[in-house]
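Undergrad: File final-v3.cif below, mmCIF, C-alpha atoms:
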data_upload
loop_
_atom_site.label_atom_id
_atom_site.label_comp_id
_atom_site.auth_asym_id
_atom_site.auth_seq_id
_atom_site.Cartn_x
_atom_site.Cartn_y
_atom_site.Cartn_z
CA MET T 139 -28.24 69.70 5.67
CA PRO T 140 -28.52 69.36 1.85
CA VAL T 141 -30.46 71.99 -0.08
CA THR T 142 -33.51 70.86 -2.05
CA VAL T 143 -33.29 72.59 -5.42
CA GLU T 144 -36.46 72.32 -7.46
CA GLY T 145 -35.61 72.30 -11.11
CA LYS T 146 -31.86 72.69 -10.55
CA MET T 147 -31.21 69.94 -13.13
CA GLU T 148 -33.27 71.42 -15.97
CA LEU T 149 -30.34 73.08 -17.78
CA PHE T 150 -28.10 70.06 -17.27
CA LYS T 151 -30.83 67.62 -18.34
CA ARG T 152 -31.34 69.61 -21.54
CA VAL T 153 -27.72 69.49 -22.66
CA LEU T 154 -27.41 65.91 -21.38
CA PHE T 155 -30.42 64.63 -23.28
CA GLU T 156 -29.36 66.53 -26.41
CA HIS T 157 -26.21 64.46 -26.28
CA VAL T 158 -28.20 61.25 -25.71
CA GLU T 159 -30.49 62.08 -28.66
CA GLU T 160 -27.53 62.71 -30.98
CA ASP T 161 -25.88 59.51 -29.86
CA TRP T 162 -29.08 57.42 -30.05
CA SER T 163 -29.62 57.44 -33.83
CA GLU T 164 -26.37 55.67 -34.62
CA ARG T 165 -26.71 53.27 -31.67
CA LYS T 166 -30.26 52.38 -32.71
CA LYS T 167 -29.20 51.53 -36.27
CA LYS T 168 -26.35 49.30 -35.08
CA LEU T 169 -28.56 47.70 -32.46
CA GLU T 170 -31.32 46.93 -34.97
CA GLU T 171 -28.83 45.30 -37.34
CA ALA T 172 -27.19 43.28 -34.56
CA MET T 173 -30.50 42.11 -33.08
CA GLU T 174 -31.93 41.24 -36.49
CA GLN T 175 -28.90 39.11 -37.29
CA ARG T 176 -28.99 37.52 -33.83
CA LEU T 177 -32.69 36.70 -34.00
CA ASN T 178 -32.40 35.34 -37.55
CA GLU T 179 -29.64 33.01 -36.41
CA LYS T 180 -31.73 31.87 -33.46
CA LYS T 181 -34.76 31.42 -35.68
CA LYS T 182 -32.87 29.19 -38.10
CA GLU T 183 -31.40 27.20 -35.23
CA TYR T 184 -34.77 26.55 -33.64
CA GLU T 185 -36.49 25.91 -36.96
CA MET T 186 -34.05 23.07 -37.54
CA GLN T 187 -34.83 21.70 -34.08
CA ILE T 188 -38.56 22.00 -34.68
CA LYS T 189 -38.23 20.17 -38.00
CA ALA T 190 -36.37 17.32 -36.32
CA VAL T 191 -38.94 17.16 -33.57
CA MET T 192 -41.84 17.13 -36.04
CA ASP T 193 -40.48 13.90 -37.48
CA ASP T 194 -41.45 12.22 -34.20
CA ALA T 195 -44.94 11.28 -33.23
CA LYS T 196 -47.39 14.17 -33.50
CA THR T 197 -48.24 14.31 -29.80
CA ARG T 198 -44.64 14.27 -28.68
CA ALA T 199 -43.74 16.76 -31.36
CA GLU T 200 -46.36 19.23 -30.20
CA ALA T 201 -45.11 19.09 -26.63
CA LYS T 202 -41.51 19.54 -27.73
CA ARG T 203 -42.48 22.33 -30.09
CA LYS T 204 -44.03 24.27 -27.21
CA ASN T 205 -40.94 23.73 -25.10
CA ILE T 206 -38.71 24.96 -27.89
CA LEU T 207 -40.82 28.05 -28.50
CA ALA T 208 -40.72 28.77 -24.77
CA ALA T 209 -36.94 28.43 -24.86
CA VAL T 210 -36.83 30.91 -27.76
CA GLN T 211 -38.79 33.43 -25.69
CA VAL T 212 -36.52 32.92 -22.67
CA ASP T 213 -33.45 33.42 -24.85
CA LYS T 214 -34.96 36.57 -26.33
CA ASP T 215 -35.84 38.00 -22.90
CA GLN T 216 -32.34 37.25 -21.61
CA GLU T 217 -30.80 38.82 -24.69
CA ILE T 218 -32.90 41.94 -24.20
CA MET T 219 -31.90 42.26 -20.54
CA LYS T 220 -28.24 41.69 -21.35
CA LYS T 221 -28.35 44.29 -24.13
CA LYS T 222 -30.02 46.81 -21.83
CA GLU T 223 -27.32 46.36 -19.20
CA GLU T 224 -24.53 46.62 -21.78
CA LEU T 225 -25.91 49.76 -23.37
CA PHE T 226 -26.67 51.46 -20.06
CA LYS T 227 -23.08 50.87 -18.97
CA ASP T 228 -21.83 52.05 -22.37
CA LEU T 229 -24.00 55.17 -22.13
CA GLY T 230 -22.60 55.93 -18.70
CA GLU T 231 -19.03 55.77 -19.98
CA SER T 232 -19.99 57.85 -23.03
CA LEU T 233 -21.57 60.51 -20.85
CA LYS T 234 -18.51 60.73 -18.62
CA ALA T 235 -16.34 61.27 -21.68
CA TRP T 236 -18.79 63.83 -23.06
CA THR T 237 -18.94 65.81 -19.81
CA ARG T 238 -15.16 66.09 -19.76
CA ASP T 239 -15.38 67.72 -23.20
CA PHE T 240 -18.37 69.82 -22.12
CA VAL T 241 -16.43 71.49 -19.29
CA LYS T 242 -13.97 72.76 -21.89
CA SER T 243 -16.66 74.24 -24.15
CA ASP T 244 -18.00 77.80 -24.35
CA GLY T 245 -21.41 76.57 -23.21
CA TYR T 246 -19.93 75.40 -19.92
CA LYS T 247 -19.22 78.96 -18.74
CA GLU T 248 -22.87 79.92 -19.24
CA PHE T 249 -23.97 76.71 -17.55
CA LEU T 250 -21.70 77.48 -14.61
CA ASN T 251 -22.88 81.08 -14.34
CA LYS T 252 -26.60 80.22 -14.36
CA ASN T 253 -26.25 77.46 -11.78
CA LEU T 254 -24.06 79.66 -9.59
CA ASN T 255 -26.68 82.42 -9.57
CA GLN T 256 -29.38 79.91 -8.74
CA ALA T 257 -27.36 78.44 -5.88
CA LEU T 258 -26.48 81.88 -4.46
CA ASP T 259 -30.15 82.86 -4.55
CA LEU T 260 -30.89 79.88 -2.33
CA MET T 261 -28.17 80.56 0.23
CA ASP T 262 -28.60 83.47 2.63
CA GLY T 263 -25.30 83.12 4.50
CA GLN T 264 -22.72 85.89 4.22
CA ASN T 265 -19.65 83.64 4.37
CA LEU T 266 -19.68 80.87 1.78
CA VAL T 267 -17.19 78.44 0.28
CA LEU T 268 -17.35 77.71 -3.45
CA ILE T 269 -15.69 74.37 -4.16
CA LEU T 270 -14.43 73.85 -7.73
CA THR T 271 -12.06 71.68 -9.70
CA ARG T 272 -8.46 72.83 -9.94
CA ARG T 273 -8.96 73.39 -13.67
CA ASP T 274 -11.95 75.71 -13.12
CA ILE T 275 -10.10 77.67 -10.45
CA ASP T 276 -7.09 78.13 -12.73
CA GLU T 277 -8.94 78.83 -15.98
CA LEU T 278 -12.28 80.28 -14.87
CA GLY T 279 -11.46 81.73 -11.46
CA GLY T 280 -11.40 85.29 -12.78
CA PHE T 281 -14.67 84.79 -14.67
CA ILE T 282 -16.37 83.36 -11.58
CA LYS T 283 -15.14 86.15 -9.30
CA ASP T 284 -16.38 88.77 -11.79
CA LYS T 285 -19.83 87.18 -11.91
CA ILE T 286 -20.00 87.07 -8.10
CA ALA T 287 -18.90 90.72 -7.88
CA GLN T 288 -21.69 91.76 -10.27
CA ARG T 289 -24.36 90.51 -7.88
CA ALA T 290 -26.19 92.98 -5.68
CA ASP T 291 -25.77 90.85 -2.56
CA LYS T 292 -22.15 91.40 -1.72
CA ARG T 293 -20.92 88.37 0.21
CA ASN T 294 -17.65 86.84 1.22
CA ILE T 295 -17.15 83.80 -1.02
CA GLU T 296 -13.98 81.77 -0.77
CA LEU T 297 -12.89 79.62 -3.73
CA SER T 298 -11.61 76.19 -2.70
CA GLU T 299 -10.30 73.20 -4.64
CA ASN T 300 -12.23 69.93 -4.51
CA ASN T 301 -10.23 66.87 -3.51
CA ASP T 302 -12.57 64.43 -5.32
CA ASP T 303 -13.26 64.13 -9.03
CA ILE T 304 -16.48 66.13 -9.39
CA ILE T 305 -15.75 66.53 -13.17
CA GLY T 306 -17.06 70.10 -13.21
CA GLY T 307 -19.69 72.38 -11.75
CA PHE T 308 -19.37 73.28 -8.08
CA ILE T 309 -20.38 72.66 -4.49
CA LEU T 310 -21.49 75.71 -2.48
CA GLU T 311 -21.20 75.45 1.30
CA ASP T 312 -22.36 77.57 4.21
CA ARG T 313 -20.15 75.95 6.81
CA GLU T 314 -21.51 78.11 9.62
CA LYS T 315 -25.02 76.73 9.07
CA GLY T 316 -24.00 73.32 7.72
CA ILE T 317 -25.81 73.87 4.39
CA ILE T 318 -24.55 72.38 1.14
CA ALA T 319 -25.78 72.94 -2.43
CA ASP T 320 -24.22 70.35 -4.72
CA PHE T 321 -24.25 71.50 -8.34
CA SER T 322 -21.28 69.36 -9.39
CA ILE T 323 -21.58 67.55 -12.71
CA LYS T 324 -20.85 64.26 -10.98
CA ALA T 325 -23.84 64.79 -8.66
CA LEU T 326 -26.04 65.90 -11.56
CA ILE T 327 -25.14 62.75 -13.51
CA ASP T 328 -25.94 60.60 -10.48
CA GLU T 329 -29.30 62.35 -10.04
CA ALA T 330 -30.03 62.06 -13.77
CA LYS T 331 -29.46 58.29 -13.90
CA VAL T 332 -33.14 57.59 -13.31
CA PHE T 333 -34.11 59.84 -16.20
CA MET T 334 -31.40 58.43 -18.46
CA GLY T 335 -32.32 54.85 -17.63
CA LYS T 336 -36.01 55.44 -18.33
CA LEU T 337 -35.23 57.16 -21.63
CA LEU T 338 -32.77 54.49 -22.72
CA TYR T 339 -35.05 51.57 -21.85
CA GLU T 340 -37.99 53.17 -23.64
CA ARG T 341 -35.89 53.56 -26.78
CA LEU T 342 -34.52 50.02 -26.49
CA ASP T 343 -38.01 48.57 -26.15
CA GLU T 344 -38.91 50.23 -29.45
CA VAL T 345 -36.26 48.07 -31.12
CA LEU T 346 -35.94 44.93 -29.04
CA LYS T 347 -39.62 44.21 -28.57
CA ALA T 348 -40.73 45.18 -32.05
#
Translate the structure described by the file into structure tokens.
TA:
Amino acid sequence: MPVTVEGKMELFKRVLFEHVEEDWSERKKKLEEAMEQRLNEKKKEYEMQIKAVMDDAKTRAEAKRKNILAAVQVDKDQEIMKKKEELFKDLGESLKAWTRDFVKSDGYKEFLNKNLNQALDLMDGQNLVLILTRRDIDELGGFIKDKIAQRADKRNIELSENNDDIIGGFILEDREKGIIADFSIKALIDEAKVFMGKLLYERLDEVLKA
């Protein structure tokens, strides 16, 4: 039975969106330049077609002109959708790379400690399993055990290695009660995709539909 954690993503969303904001400025500039060049090329191409069409009879030319302008709009809409898909995929890869650097930073220890306290506050079992990456067990195992020992609620918490690539963070399990609190970075990224997608598309619309 998964634990519902209200606001568990707030800390992660903050550092995640700080990264997105830092990355956005450069992407926006490049995107504006690329789209301006692309649209200028399309405009010249269709202007030449319109000019050729206008040499025909006026009635036929008007009909063709409308068809061409409709084709321009279709091309633009398709270009926008394609660019959105490309950048969302690119952002996903960028975030994965960033999180792998984040787990090696000083801020990661504080992130881990705060989320661990929040998860332990939610679990009332006395025998828990804390699932971590091999790297975190090796490099932060002592730090994690110290933080657990400092808590007033003395509980038996076993550290276990995760067999999947959770990137960082942890999964806390009460196997006796079948309760799981997933605070892994992989899960947080998956849960944040809706927020990231909304933010990205809003920013893209500022440029692409201007």
Undergrad: Just say which residues the PyMOL selection byres ((chain T and resi 309) around 9) picks in this file, as a list in words.
TA: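 Matching residues under the PyMOL selection byres ((chain T and resi 309) around 9) are Val267, Leu268, Ile269, Leu270, Asn300, Gly307, Phe308, Leu310, Glu311, Ile318, Ala319, Asp320, Phe321 and Ser322 of chain T.
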Undergrad: Just how far from CA of Lys222 (chain T) is CA of Glu185 (chain T), in Å to one decimal?
TA: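 According to the coordinates, CA of Glu185 (chain T) and CA of Lys222 (chain T) are separated by 26.6 Å.
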Undergrad: Could you check which of T:Gln216, T:Asp284, T:Gly230, T:Leu225 is closest to Ala330 (chain T), using all atoms listed in the file?
TA: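 For Ala330 (chain T), the nearest of the candidates is T:Gly230.
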Undergrad: Any chance you could work out the residue set of the PyMOL selection byres ((chain T and resi 294) around 9) here, as number ranges by chain?
TA: T: 264-267, 292-293, 295-296
Undergrad: Can you measure CA of Gly316 (chain T) to CA of Asn255 (chain T) for me? One decimal in Å is fine.
TA: 19.7 Å
Undergrad: To one decimal place, how far is CA of Ile304 (chain T) from CA of Asp276 (chain T) in Å?
TA: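 According to the coordinates, CA of Ile304 (chain T) and CA of Asp276 (chain T) are separated by 15.6 Å.
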Undergrad: Restricting the calculation to all atoms listed in the file: of T:Phe226, T:Glu299, T:Ile275, T:Arg313, which residue gets closest to Phe333 (chain T)?
TA: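 Closest candidate: T:Phe226.
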Undergrad: Taking all atoms of region 237-244 of chain T that appear in the file, build a box with edges along x, y and z, extend it by 5 Å on every side, and state its centre and edge lengths in Å to one decimal, as AutoDock Vina command-line options.
TA:
--center_x -16.5 --center_y 71.8 --center_z -21.8 --size_x 15.0 --size_y 22.0 --size_z 15.1
Undergrad: Ranking T:Arg165, T:Leu229, T:Lys214, T:Lys252 by minimum distance to Glu179 (chain T) and counting only C-alpha atoms, which one comes first?
TA: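 With only C-alpha atoms as the atom set, the closest residue is T:Lys214.
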